[in-house]
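Asker: Okay, so here is data.txt, and as you'll see once you scroll down, it has compact mmCIF, C-alpha atoms and all ligand atoms.
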# COMPACT_ATOMS: atom_id res chain seq x y z
CA MET A 71 -34.81 218.03 -50.13
CA GLY A 72 -38.49 217.34 -50.61
CA PHE A 73 -39.99 213.96 -49.80
CA SER A 74 -40.25 212.82 -53.43
CA THR A 75 -36.62 213.74 -54.07
CA ASP A 76 -35.54 211.80 -50.99
CA ALA A 77 -37.72 208.83 -51.99
CA ILE A 78 -35.83 208.63 -55.29
CA HIS A 79 -32.32 209.59 -54.18
CA ALA A 80 -31.72 208.98 -50.45
CA GLY A 81 -29.17 206.19 -49.95
CA VAL A 82 -28.67 205.84 -53.70
CA ARG A 83 -25.38 206.74 -55.40
CA PRO A 84 -23.98 205.69 -58.77
CA ASP A 85 -22.25 202.34 -58.29
CA PRO A 86 -18.53 203.04 -57.62
CA ALA A 87 -17.40 200.14 -59.86
CA THR A 88 -19.42 200.95 -62.99
CA GLY A 89 -21.39 204.15 -62.50
CA ALA A 90 -24.69 202.21 -62.70
CA VAL A 91 -27.37 204.73 -61.78
CA MET A 92 -29.60 202.17 -60.11
CA THR A 93 -28.25 200.40 -57.02
CA PRO A 94 -27.05 196.93 -58.13
CA ILE A 95 -28.33 193.76 -56.47
CA TYR A 96 -25.18 192.66 -54.64
CA GLN A 97 -26.04 188.96 -54.71
CA THR A 98 -23.08 187.79 -52.67
CA SER A 99 -22.62 186.09 -49.33
CA THR A 100 -19.12 187.36 -48.70
CA TYR A 101 -16.44 189.86 -49.84
CA ALA A 102 -12.78 189.41 -50.74
CA TYR A 103 -10.23 191.24 -48.61
CA GLU A 104 -7.48 193.12 -50.40
CA GLY A 105 -5.00 191.55 -47.99
CA LEU A 106 -4.99 190.16 -44.47
CA GLY A 107 -6.72 192.63 -42.22
CA ARG A 108 -7.45 194.87 -45.22
CA GLY A 109 -11.16 194.65 -46.09
CA LYS A 110 -13.26 197.33 -47.79
CA GLY A 111 -15.70 197.68 -44.91
CA TYR A 112 -17.66 194.61 -45.99
CA ASP A 113 -17.00 191.22 -44.41
CA TYR A 114 -20.09 189.00 -44.53
CA ALA A 115 -23.53 189.62 -46.07
CA ARG A 116 -25.62 188.83 -42.99
CA THR A 117 -23.80 191.71 -41.33
CA ILE A 118 -23.79 194.16 -44.23
CA ASN A 119 -24.87 194.25 -47.87
CA PRO A 120 -24.66 197.37 -50.08
CA THR A 121 -28.16 196.89 -51.58
CA ARG A 122 -29.68 196.53 -48.11
CA SER A 123 -27.61 199.45 -46.80
CA ALA A 124 -28.96 201.69 -49.59
CA LEU A 125 -32.53 200.79 -48.62
CA GLU A 126 -31.81 201.26 -44.91
CA GLU A 127 -30.33 204.73 -45.53
CA ASN A 128 -33.36 205.61 -47.66
CA LEU A 129 -35.83 204.46 -44.98
CA ALA A 130 -33.99 206.34 -42.22
CA LYS A 131 -34.21 209.52 -44.29
CA LEU A 132 -37.91 209.16 -45.15
CA GLU A 133 -38.99 208.45 -41.56
CA GLY A 134 -36.56 211.02 -40.10
CA GLY A 135 -34.68 208.42 -38.03
CA MET A 136 -30.98 208.19 -37.18
CA ALA A 137 -30.82 204.61 -38.53
CA ALA A 138 -33.00 201.96 -40.13
CA TYR A 139 -32.66 198.21 -40.46
CA ALA A 140 -34.40 196.01 -43.03
CA PHE A 141 -35.72 192.58 -42.13
CA ALA A 142 -37.08 189.47 -43.82
CA SER A 143 -40.66 190.40 -42.87
CA GLY A 144 -42.65 192.94 -40.91
CA MET A 145 -42.98 190.34 -38.15
CA SER A 146 -39.22 189.82 -37.91
CA ALA A 147 -38.75 193.60 -37.64
CA ILE A 148 -41.30 193.71 -34.80
CA HIS A 149 -39.75 190.63 -33.17
CA THR A 150 -36.32 192.26 -33.24
CA VAL A 151 -37.66 195.49 -31.71
CA MET A 152 -39.11 193.42 -28.85
CA THR A 153 -35.59 192.18 -28.03
CA LEU A 154 -34.99 195.63 -26.51
CA LEU A 155 -37.01 194.18 -23.59
CA LYS A 156 -36.09 191.65 -20.93
CA THR A 157 -37.98 188.92 -19.07
CA GLY A 158 -40.49 190.45 -16.69
CA ASP A 159 -40.95 193.65 -18.71
CA HIS A 160 -44.49 194.77 -19.47
CA VAL A 161 -45.86 196.34 -22.66
CA VAL A 162 -49.08 198.29 -23.24
CA VAL A 163 -50.40 197.38 -26.69
CA GLY A 164 -53.26 198.67 -28.81
CA ASN A 165 -56.15 196.21 -28.60
CA ASN A 166 -56.59 196.08 -32.38
CA VAL A 167 -53.08 195.48 -33.67
CA TYR A 168 -52.49 193.23 -36.70
CA GLY A 169 -53.43 189.63 -35.84
CA GLY A 170 -49.89 188.38 -36.45
CA THR A 171 -48.49 190.96 -34.03
CA TYR A 172 -50.99 189.81 -31.41
CA ARG A 173 -49.99 186.17 -32.09
CA LEU A 174 -46.27 186.98 -31.69
CA PHE A 175 -46.88 188.76 -28.39
CA ALA A 176 -49.48 186.40 -26.89
CA ARG A 177 -48.23 183.04 -28.11
CA VAL A 178 -44.48 183.45 -28.49
CA LEU A 179 -43.11 186.28 -26.35
CA GLU A 180 -45.31 185.57 -23.30
CA ASP A 181 -43.39 182.26 -23.10
CA PHE A 182 -40.20 184.29 -22.64
CA GLY A 183 -41.68 186.18 -19.70
CA LEU A 184 -42.76 189.39 -21.45
CA ARG A 185 -46.18 190.62 -20.33
CA PHE A 186 -48.74 192.51 -22.44
CA SER A 187 -51.87 194.51 -21.67
CA TYR A 188 -54.19 195.22 -24.60
CA VAL A 189 -56.10 198.49 -24.34
CA ASP A 190 -57.96 200.93 -26.56
CA THR A 191 -55.07 203.35 -27.01
CA SER A 192 -57.31 205.90 -28.76
CA VAL A 193 -58.08 207.06 -25.20
CA LEU A 194 -54.82 208.19 -23.55
CA LYS A 195 -56.22 207.55 -20.07
CA ASN A 196 -56.50 203.85 -20.93
CA VAL A 197 -52.77 203.76 -21.63
CA GLU A 198 -52.01 205.56 -18.37
CA SER A 199 -54.24 203.24 -16.36
CA ALA A 200 -52.56 200.16 -17.80
CA LEU A 201 -49.04 201.26 -16.80
CA ARG A 202 -47.26 199.17 -14.15
CA PRO A 203 -43.93 199.67 -12.42
CA GLU A 204 -42.43 197.12 -14.85
CA THR A 205 -43.91 198.73 -18.01
CA ARG A 206 -41.14 199.48 -20.53
CA MET A 207 -42.93 200.04 -23.83
CA VAL A 208 -46.13 201.29 -25.46
CA TYR A 209 -46.82 199.70 -28.85
CA ILE A 210 -49.44 201.18 -31.19
CA GLU A 211 -50.77 200.98 -34.73
CA THR A 212 -52.57 204.02 -36.06
CA PRO A 213 -54.90 203.74 -37.85
CA THR A 214 -55.66 200.25 -36.59
CA ASN A 215 -56.17 197.30 -38.82
CA PRO A 216 -59.05 196.79 -39.67
CA ILE A 217 -61.24 198.93 -37.36
CA MET A 218 -59.49 202.17 -38.42
CA THR A 219 -59.25 203.67 -34.94
CA LEU A 220 -56.60 206.33 -34.40
CA THR A 221 -54.22 206.94 -31.54
CA ASP A 222 -52.81 210.40 -30.86
CA ILE A 223 -49.11 209.74 -31.54
CA GLU A 224 -47.85 213.04 -30.10
CA ALA A 225 -49.77 212.67 -26.82
CA THR A 226 -48.83 209.00 -26.43
CA ALA A 227 -45.16 209.69 -27.18
CA ALA A 228 -45.15 212.57 -24.67
CA LEU A 229 -46.57 210.27 -21.99
CA CYS A 230 -43.90 207.69 -22.81
CA ARG A 231 -41.12 210.26 -22.58
CA LYS A 232 -42.39 211.44 -19.19
CA ARG A 233 -42.47 207.86 -17.88
CA LYS A 234 -39.23 206.79 -19.65
CA LEU A 235 -41.01 204.21 -21.79
CA ILE A 236 -40.15 203.22 -25.36
CA SER A 237 -42.86 204.29 -27.82
CA VAL A 238 -43.26 202.16 -30.94
CA VAL A 239 -45.56 202.97 -33.87
CA ASP A 240 -46.42 200.58 -36.69
CA ASN A 241 -46.63 203.02 -39.61
CA THR A 242 -47.46 200.43 -42.29
CA PHE A 243 -50.89 201.83 -43.21
CA LEU A 244 -49.97 205.47 -43.88
CA THR A 245 -46.22 205.31 -44.59
CA PRO A 246 -43.91 208.29 -44.01
CA PHE A 247 -45.47 209.98 -47.03
CA PHE A 248 -48.56 210.73 -44.92
CA GLN A 249 -47.45 210.26 -41.30
CA ARG A 250 -44.10 210.64 -39.51
CA PRO A 251 -44.31 209.27 -35.98
CA LEU A 252 -40.67 210.09 -35.10
CA ALA A 253 -41.31 213.79 -35.82
CA LEU A 254 -44.26 213.54 -33.43
CA GLY A 255 -41.96 212.26 -30.68
CA ALA A 256 -42.09 208.46 -31.04
CA ASP A 257 -38.88 206.44 -30.53
CA ILE A 258 -39.30 203.64 -33.04
CA VAL A 259 -41.26 203.09 -36.25
CA VAL A 260 -41.86 199.62 -37.64
CA HIS A 261 -43.10 198.67 -41.10
CA SER A 262 -44.23 195.74 -43.06
CA THR A 263 -42.49 196.81 -46.28
CA THR A 264 -44.57 194.05 -47.88
CA LYS A 265 -47.33 196.66 -48.07
CA TYR A 266 -47.20 200.24 -49.40
CA LEU A 267 -43.43 200.77 -49.25
CA ASN A 268 -42.74 198.01 -51.76
CA GLY A 269 -46.20 198.57 -53.17
CA HIS A 270 -46.36 195.84 -55.80
CA SER A 271 -47.29 192.71 -53.80
CA ASP A 272 -44.13 190.92 -54.91
CA SER A 273 -41.92 190.97 -51.81
CA VAL A 274 -42.23 190.21 -48.09
CA GLY A 275 -40.12 192.43 -45.85
CA GLY A 276 -40.00 194.66 -42.81
CA ALA A 277 -38.11 197.55 -41.28
CA ALA A 278 -37.40 199.24 -37.99
CA ILE A 279 -36.45 202.92 -37.95
CA LEU A 280 -34.89 204.30 -34.81
CA ALA A 281 -34.65 207.76 -33.30
CA ARG A 282 -32.23 206.91 -30.48
CA PRO A 283 -28.61 205.74 -30.82
CA GLU A 284 -28.90 203.19 -28.00
CA HIS A 285 -31.86 201.52 -29.76
CA ALA A 286 -30.14 201.67 -33.16
CA GLU A 287 -26.99 200.04 -31.78
CA ARG A 288 -28.92 197.19 -30.16
CA ILE A 289 -31.22 196.54 -33.16
CA LYS A 290 -28.18 196.41 -35.47
CA PHE A 291 -26.51 193.96 -33.08
CA VAL A 292 -29.59 191.71 -32.91
CA GLN A 293 -30.15 191.96 -36.69
CA ASN A 294 -26.65 190.55 -37.19
CA SER A 295 -26.86 188.08 -34.30
CA ALA A 296 -30.27 186.60 -35.13
CA GLY A 297 -29.93 187.17 -38.88
CA ALA A 298 -33.50 187.91 -40.03
CA ILE A 299 -32.16 190.18 -42.78
CA LEU A 300 -33.90 191.32 -45.97
CA SER A 301 -32.32 189.66 -49.03
CA PRO A 302 -30.41 191.74 -51.62
CA PHE A 303 -33.12 191.15 -54.25
CA ASP A 304 -35.97 192.12 -51.89
CA SER A 305 -33.97 195.15 -50.73
CA TRP A 306 -33.67 196.19 -54.37
CA LEU A 307 -37.41 195.66 -54.96
CA VAL A 308 -38.38 197.77 -51.95
CA LEU A 309 -35.89 200.50 -52.89
CA ARG A 310 -37.38 200.55 -56.38
CA GLY A 311 -40.94 200.54 -54.99
CA ILE A 312 -40.20 203.51 -52.73
CA LYS A 313 -39.19 205.66 -55.72
CA THR A 314 -42.88 205.82 -56.68
CA LEU A 315 -44.25 205.89 -53.11
CA PRO A 316 -45.45 209.54 -53.34
CA LEU A 317 -47.18 208.89 -56.69
CA ARG A 318 -48.84 205.75 -55.45
CA MET A 319 -49.89 207.13 -52.05
CA ARG A 320 -51.55 210.14 -53.71
CA ALA A 321 -53.42 207.77 -56.02
CA HIS A 322 -54.43 205.40 -53.16
CA ASP A 323 -55.60 208.38 -51.13
CA ALA A 324 -57.67 209.93 -53.95
CA ALA A 325 -59.27 206.59 -54.83
CA GLY A 326 -59.76 205.74 -51.13
CA ARG A 327 -61.71 208.95 -50.55
CA GLU A 328 -63.87 208.33 -53.61
CA VAL A 329 -64.62 204.67 -52.83
CA ALA A 330 -65.39 205.53 -49.17
CA ARG A 331 -67.85 208.25 -50.22
CA TRP A 332 -69.53 205.84 -52.62
CA LEU A 333 -69.79 203.08 -49.99
CA VAL A 334 -71.54 205.45 -47.57
CA GLY A 335 -74.47 205.79 -49.98
CA GLN A 336 -75.08 202.04 -50.41
CA SER A 337 -78.27 200.55 -48.94
CA LYS A 338 -76.66 197.19 -48.05
CA ILE A 339 -73.88 198.79 -46.03
CA GLU A 340 -74.39 199.60 -42.37
CA ARG A 341 -71.20 201.50 -41.62
CA VAL A 342 -68.06 202.71 -43.38
CA LEU A 343 -64.85 203.01 -41.36
CA TYR A 344 -62.49 205.49 -43.02
CA PRO A 345 -60.74 208.35 -41.18
CA GLY A 346 -61.12 210.55 -44.29
CA LEU A 347 -64.89 210.73 -43.85
CA PRO A 348 -65.99 213.76 -41.81
CA ALA A 349 -68.36 211.39 -39.93
CA HIS A 350 -65.40 209.32 -38.64
CA PRO A 351 -65.21 210.05 -34.88
CA GLN A 352 -61.49 210.88 -35.16
CA HIS A 353 -61.55 212.76 -38.46
CA ASP A 354 -59.98 215.84 -36.82
CA LEU A 355 -57.10 213.87 -35.33
CA ALA A 356 -56.61 212.10 -38.67
CA SER A 357 -56.38 215.48 -40.43
CA ARG A 358 -53.98 216.83 -37.79
CA GLN A 359 -51.42 214.04 -37.42
CA ALA A 360 -51.34 212.83 -41.02
CA SER A 361 -51.35 214.63 -44.35
CA GLY A 362 -53.59 212.05 -46.07
CA PHE A 363 -56.00 209.25 -45.26
CA GLY A 364 -54.71 206.50 -47.54
CA GLY A 365 -56.43 203.66 -49.29
CA MET A 366 -57.55 201.38 -46.46
CA ILE A 367 -61.29 201.21 -45.86
CA SER A 368 -63.41 198.83 -43.80
CA PHE A 369 -67.17 198.51 -43.98
CA VAL A 370 -69.90 196.49 -42.31
CA LEU A 371 -72.53 194.74 -44.41
CA LYS A 372 -76.08 194.98 -43.08
CA ALA A 373 -77.68 191.95 -41.40
CA GLY A 374 -79.25 189.71 -44.02
CA VAL A 375 -76.71 190.55 -46.73
CA ASP A 376 -75.05 187.37 -48.02
CA VAL A 377 -71.39 187.96 -47.12
CA THR A 378 -70.08 184.88 -48.94
CA ARG A 379 -71.97 185.83 -52.07
CA PHE A 380 -70.56 189.35 -51.92
CA PHE A 381 -66.99 188.03 -51.82
CA ASP A 382 -67.59 185.30 -54.38
CA SER A 383 -69.12 187.79 -56.83
CA LEU A 384 -66.06 190.06 -56.97
CA ARG A 385 -64.32 189.93 -60.34
CA LEU A 386 -61.70 192.68 -60.39
CA CYS A 387 -60.95 192.95 -56.70
CA ALA A 388 -59.04 189.87 -55.51
CA ILE A 389 -60.00 188.18 -52.24
CA ALA A 390 -56.62 188.18 -50.53
CA GLU A 391 -54.77 188.93 -47.32
CA SER A 392 -52.23 191.77 -47.37
CA LEU A 393 -52.68 195.33 -48.56
CA GLY A 394 -50.88 198.29 -50.03
CA GLY A 395 -50.26 196.94 -53.52
CA ILE A 396 -51.22 198.66 -56.75
CA GLU A 397 -54.10 196.20 -57.19
CA THR A 398 -57.28 196.30 -55.10
CA LEU A 399 -57.51 193.54 -52.49
CA VAL A 400 -60.54 192.70 -50.39
CA CYS A 401 -60.58 190.49 -47.30
CA GLN A 402 -62.72 189.25 -44.44
CA PRO A 403 -60.45 190.02 -41.46
CA SER A 404 -62.34 187.72 -39.03
CA THR A 405 -61.42 184.59 -41.02
CA MET A 406 -58.26 185.83 -42.71
CA THR A 407 -55.84 188.46 -41.33
CA HIS A 408 -57.22 188.41 -37.76
CA ALA A 409 -58.20 184.75 -37.38
CA SER A 410 -55.61 184.37 -34.60
CA VAL A 411 -57.34 187.00 -32.43
CA PRO A 412 -59.53 185.14 -29.88
CA GLU A 413 -63.22 185.06 -30.86
CA GLU A 414 -64.33 186.96 -27.78
CA ASP A 415 -61.88 189.80 -28.50
CA ARG A 416 -62.98 189.89 -32.12
CA ARG A 417 -66.61 190.24 -31.06
CA ARG A 418 -65.75 192.99 -28.58
CA LEU A 419 -63.89 194.94 -31.29
CA GLY A 420 -66.68 194.53 -33.83
CA LEU A 421 -64.50 192.30 -35.94
CA THR A 422 -67.43 190.21 -37.19
CA ASP A 423 -67.84 188.16 -40.36
CA SER A 424 -69.81 191.09 -41.86
CA LEU A 425 -66.76 193.37 -41.66
CA VAL A 426 -65.03 193.76 -45.02
CA ARG A 427 -61.61 195.40 -45.53
CA ILE A 428 -60.55 196.91 -48.83
CA SER A 429 -57.09 197.96 -49.82
CA VAL A 430 -57.99 200.33 -52.64
CA GLY A 431 -55.50 200.01 -55.47
CA CYS A 432 -54.46 202.27 -58.33
CA GLU A 433 -56.84 200.95 -61.00
CA ASP A 434 -59.36 203.35 -62.54
CA VAL A 435 -61.63 204.11 -59.62
CA GLN A 436 -64.81 203.66 -61.64
CA ASP A 437 -63.79 200.05 -62.32
CA ILE A 438 -63.26 199.37 -58.60
CA VAL A 439 -66.65 200.91 -57.78
CA ALA A 440 -68.38 199.00 -60.58
CA ASP A 441 -66.99 195.70 -59.27
CA LEU A 442 -68.09 196.45 -55.69
CA ALA A 443 -71.52 197.55 -56.98
CA GLN A 444 -72.18 194.36 -58.93
CA ALA A 445 -70.99 192.19 -56.00
CA LEU A 446 -73.26 194.10 -53.59
CA ALA A 447 -76.19 193.75 -55.97
CA ARG A 448 -75.75 189.94 -55.98
CA ALA A 449 -75.30 189.71 -52.21
C1 LIG B 501 -50.02 196.69 -39.85
C2 LIG B 501 -49.17 195.48 -40.07
N1 LIG B 501 -48.03 195.34 -39.39
C3 LIG B 501 -47.23 194.27 -39.55
C4 LIG B 501 -47.57 193.25 -40.43
C5 LIG B 501 -46.65 192.06 -40.57
O1 LIG B 501 -45.88 192.18 -41.72
P1 LIG B 501 -45.34 190.95 -42.61
O2 LIG B 501 -46.55 190.24 -43.14
O3 LIG B 501 -44.51 191.61 -43.64
O4 LIG B 501 -44.56 190.08 -41.70
C6 LIG B 501 -48.74 193.36 -41.17
C7 LIG B 501 -49.10 192.30 -42.12
O5 LIG B 501 -50.20 192.25 -42.64
C8 LIG B 501 -49.57 194.50 -40.98
O6 LIG B 501 -50.73 194.65 -41.66
Turn this file's structure into structure tokens for me.
Ligand SMILES: Cc1ncc(COP(=O)(O)O)c(C=O)c1O

Answerer:
Amino acid sequence: MGFSTDAIHAGVRPDPATGAVMTPIYQTSTYAYEGLGRGKGYDYARTINPTRSALEENLAKLEGGMAAYAFASGMSAIHTVMTLLKTGDHVVVGNNVYGGTYRLFARVLEDFGLRFSYVDTSVLKNVESALRPETRMVYIETPTNPIMTLTDIEATAALCRKRKLISVVDNTFLTPFFQRPLALGADIVVHSTTKYLNGHSDSVGGAAILARPEHAERIKFVQNSAGAILSPFDSWLVLRGIKTLPLRMRAHDAAGREVARWLVGQSKIERVLYPGLPAHPQHDLASRQASGFGGMISFVLKAGVDVTRFFDSLRLCAIAESLGGIETLVCQPSTMTHASVPEEDRRRLGLTDSLVRISVGCEDVQDIVADLAQALARA
């Protein structure tokens, strides 16, 4: 089946009790047995819930994995994936991962004896040089948030396979509609479903999609043991959101390209970071490993432009963390999403207070541009 057909139908069957076409929200904590030792395959809702199972089957299909598990947040999905490692293991991580991912690694998991090296994974040699005898995993986001640097998934996954390392890709920004890391050889995909997959800024959730049975078995075990599951209602919301994922991603992509082109021509803007622009240093890689560029754009305001005034003048675009919803959101990563990245690292990455990130929504693009234009004019 095509992607749109799978987005609508994978994991979804008419409800056996009533024939309801849409998967019901099974808001229950437990299930009655028909008799002692005679259950219907459902025992307790931390372990299994039909609404969550439908979403998990859908996600596995869309990412091309053998199994998927849905979690209470993107961070709990990432946390659970890290339980594949043991004390003393070392991980090579992209040096511009989401600030919360960095915080989990540096300020929580280091205390449990995991070790992390942060490198610019856009250069494969940097990954190779960072490997140690105890390295077990390479963890990347591509494109990165918010600098929009790409990592070659196929080359990185091939290196990992050669060295028997687990390759993990955070695919939140592009979603399987535009980019399928497992098909490019990666072992694990993680998502914040809070973003494009749910798509309506009304649910927090996460997912891990696995290519290998041994990883799937362990993640399922830890999901049940630690219990950071996605609720039935949130599972239903994400499943519903995914039905329109192809429609929304096409719209985000078209508007993203148009807004990026417009930003390039503005006198108060120094630089626009968007892989869809031919001037982006990795435009070719972006075109090769993904089928679209999406709606995430960052740009740098020129020195002397009043950053606070720019933000405060926005009327349509909300100043907010998060991304991937149908409404346009604008943020200052240095003080918002990436505030937990040490100041020195932020400076090195170019993550200054003049860097603005936009998640371009599905409003009429001329309204988004008009709002940005009037805010720039006042800044
Ligand atoms: C790329 C990326 N990965 C993971 C996360 C964490 O997801 P959540 O906020 O759902 O825990 C975020 C959140 O912003 C993100 O942008």

Asker: Enumerate as an MDAnalysis selection string the residues within 9 Å of ligand LIG 501 (chain B), counting all atoms listed in the file.

Answerer: chainID A and resid 141:148 167:171 211:216 240:243 260:265 273:276 391:393 407

Asker: How big is the axis-aligned box, and where does its centre sit, when it encloses all atoms of stretch 231-242 of chain A listed in the file and has 5 Å added on every side, reported in Å to one decimal as lines of an AutoDock Vina configuration file?

Answerer:
center_x = -43.3
center_y = 205.9
center_z = -30.1
size_x = 18.2
size_y = 21.0
size_z = 34.4

Asker: Counting all atoms listed in the file, which of A:Gly346, A:Pro246, A:Pro84, A:Gly109 gets nearest to A:Leu132?

Answerer: A:Pro246

Asker: Looking at A:Ala349, A:Ile367, A:Val375, A:Leu421, which one is nearest to A:Ser337, with distances taken over all atoms listed in the file?

Answerer: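 Answer, going by the shortest atom-to-atom distance: A:Val375.
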
Asker: Mind listing whatever residues come within 7 Å of the point (-47.3, 194.6, -25.2)? Use all atoms listed in the file, file coordinates, and give them as a PyMOL selection string.

Answerer: chain A and resi 160-163+175+185-188+208-209

Asker: Considering only C-alpha atoms, state which residue in the set A:Ala80, A:Leu267, A:Ile438, A:Cys401 is at the smallest distance from A:Ile312.

Answerer: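 Using only C-alpha atoms, A:Ile312 sits closest to A:Leu267.
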
Asker: Which residues are near A:Leu229? Cut-off 10 Å, all atoms listed in the file, ignore same chain within fewer than 6 positions. Put them as an MDAnalysis selection string.

Answerer: chainID A and resid 194 197:198 208 223 235 237

Asker: Residues proximal to (-49.8, 199.7, -53.0) were defined as those with any atom within 6 Å of that point in the file's coordinates, counting all atoms listed in the file. Which are they, as a PyMOL selection string?

Answerer: chain A and resi 266+269-270+394-396

Asker: List as a list in words the protein and nucleic acid residues near A:Arg282, meaning an atom at most 7 Å away when all atoms listed in the file are counted, but skip any in the same chain fewer than 2 places from it.

Answerer: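 Listing them by chain and then by number gives Met136, Asp257, Leu280, Glu284, His285 and Ala286 of chain A.
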
Asker: Tell me, as a VMD selection string, which residues lie within 9 Å of stretch 110-125 of chain A, counting only C-alpha atoms; anything in the same chain fewer than 2 positions away does not count.

Answerer: chain A and resid 80 to 83 93 to 104 108 127 to 130 138 to 140 290 to 291 293 to 295 297 to 306 308 to 309
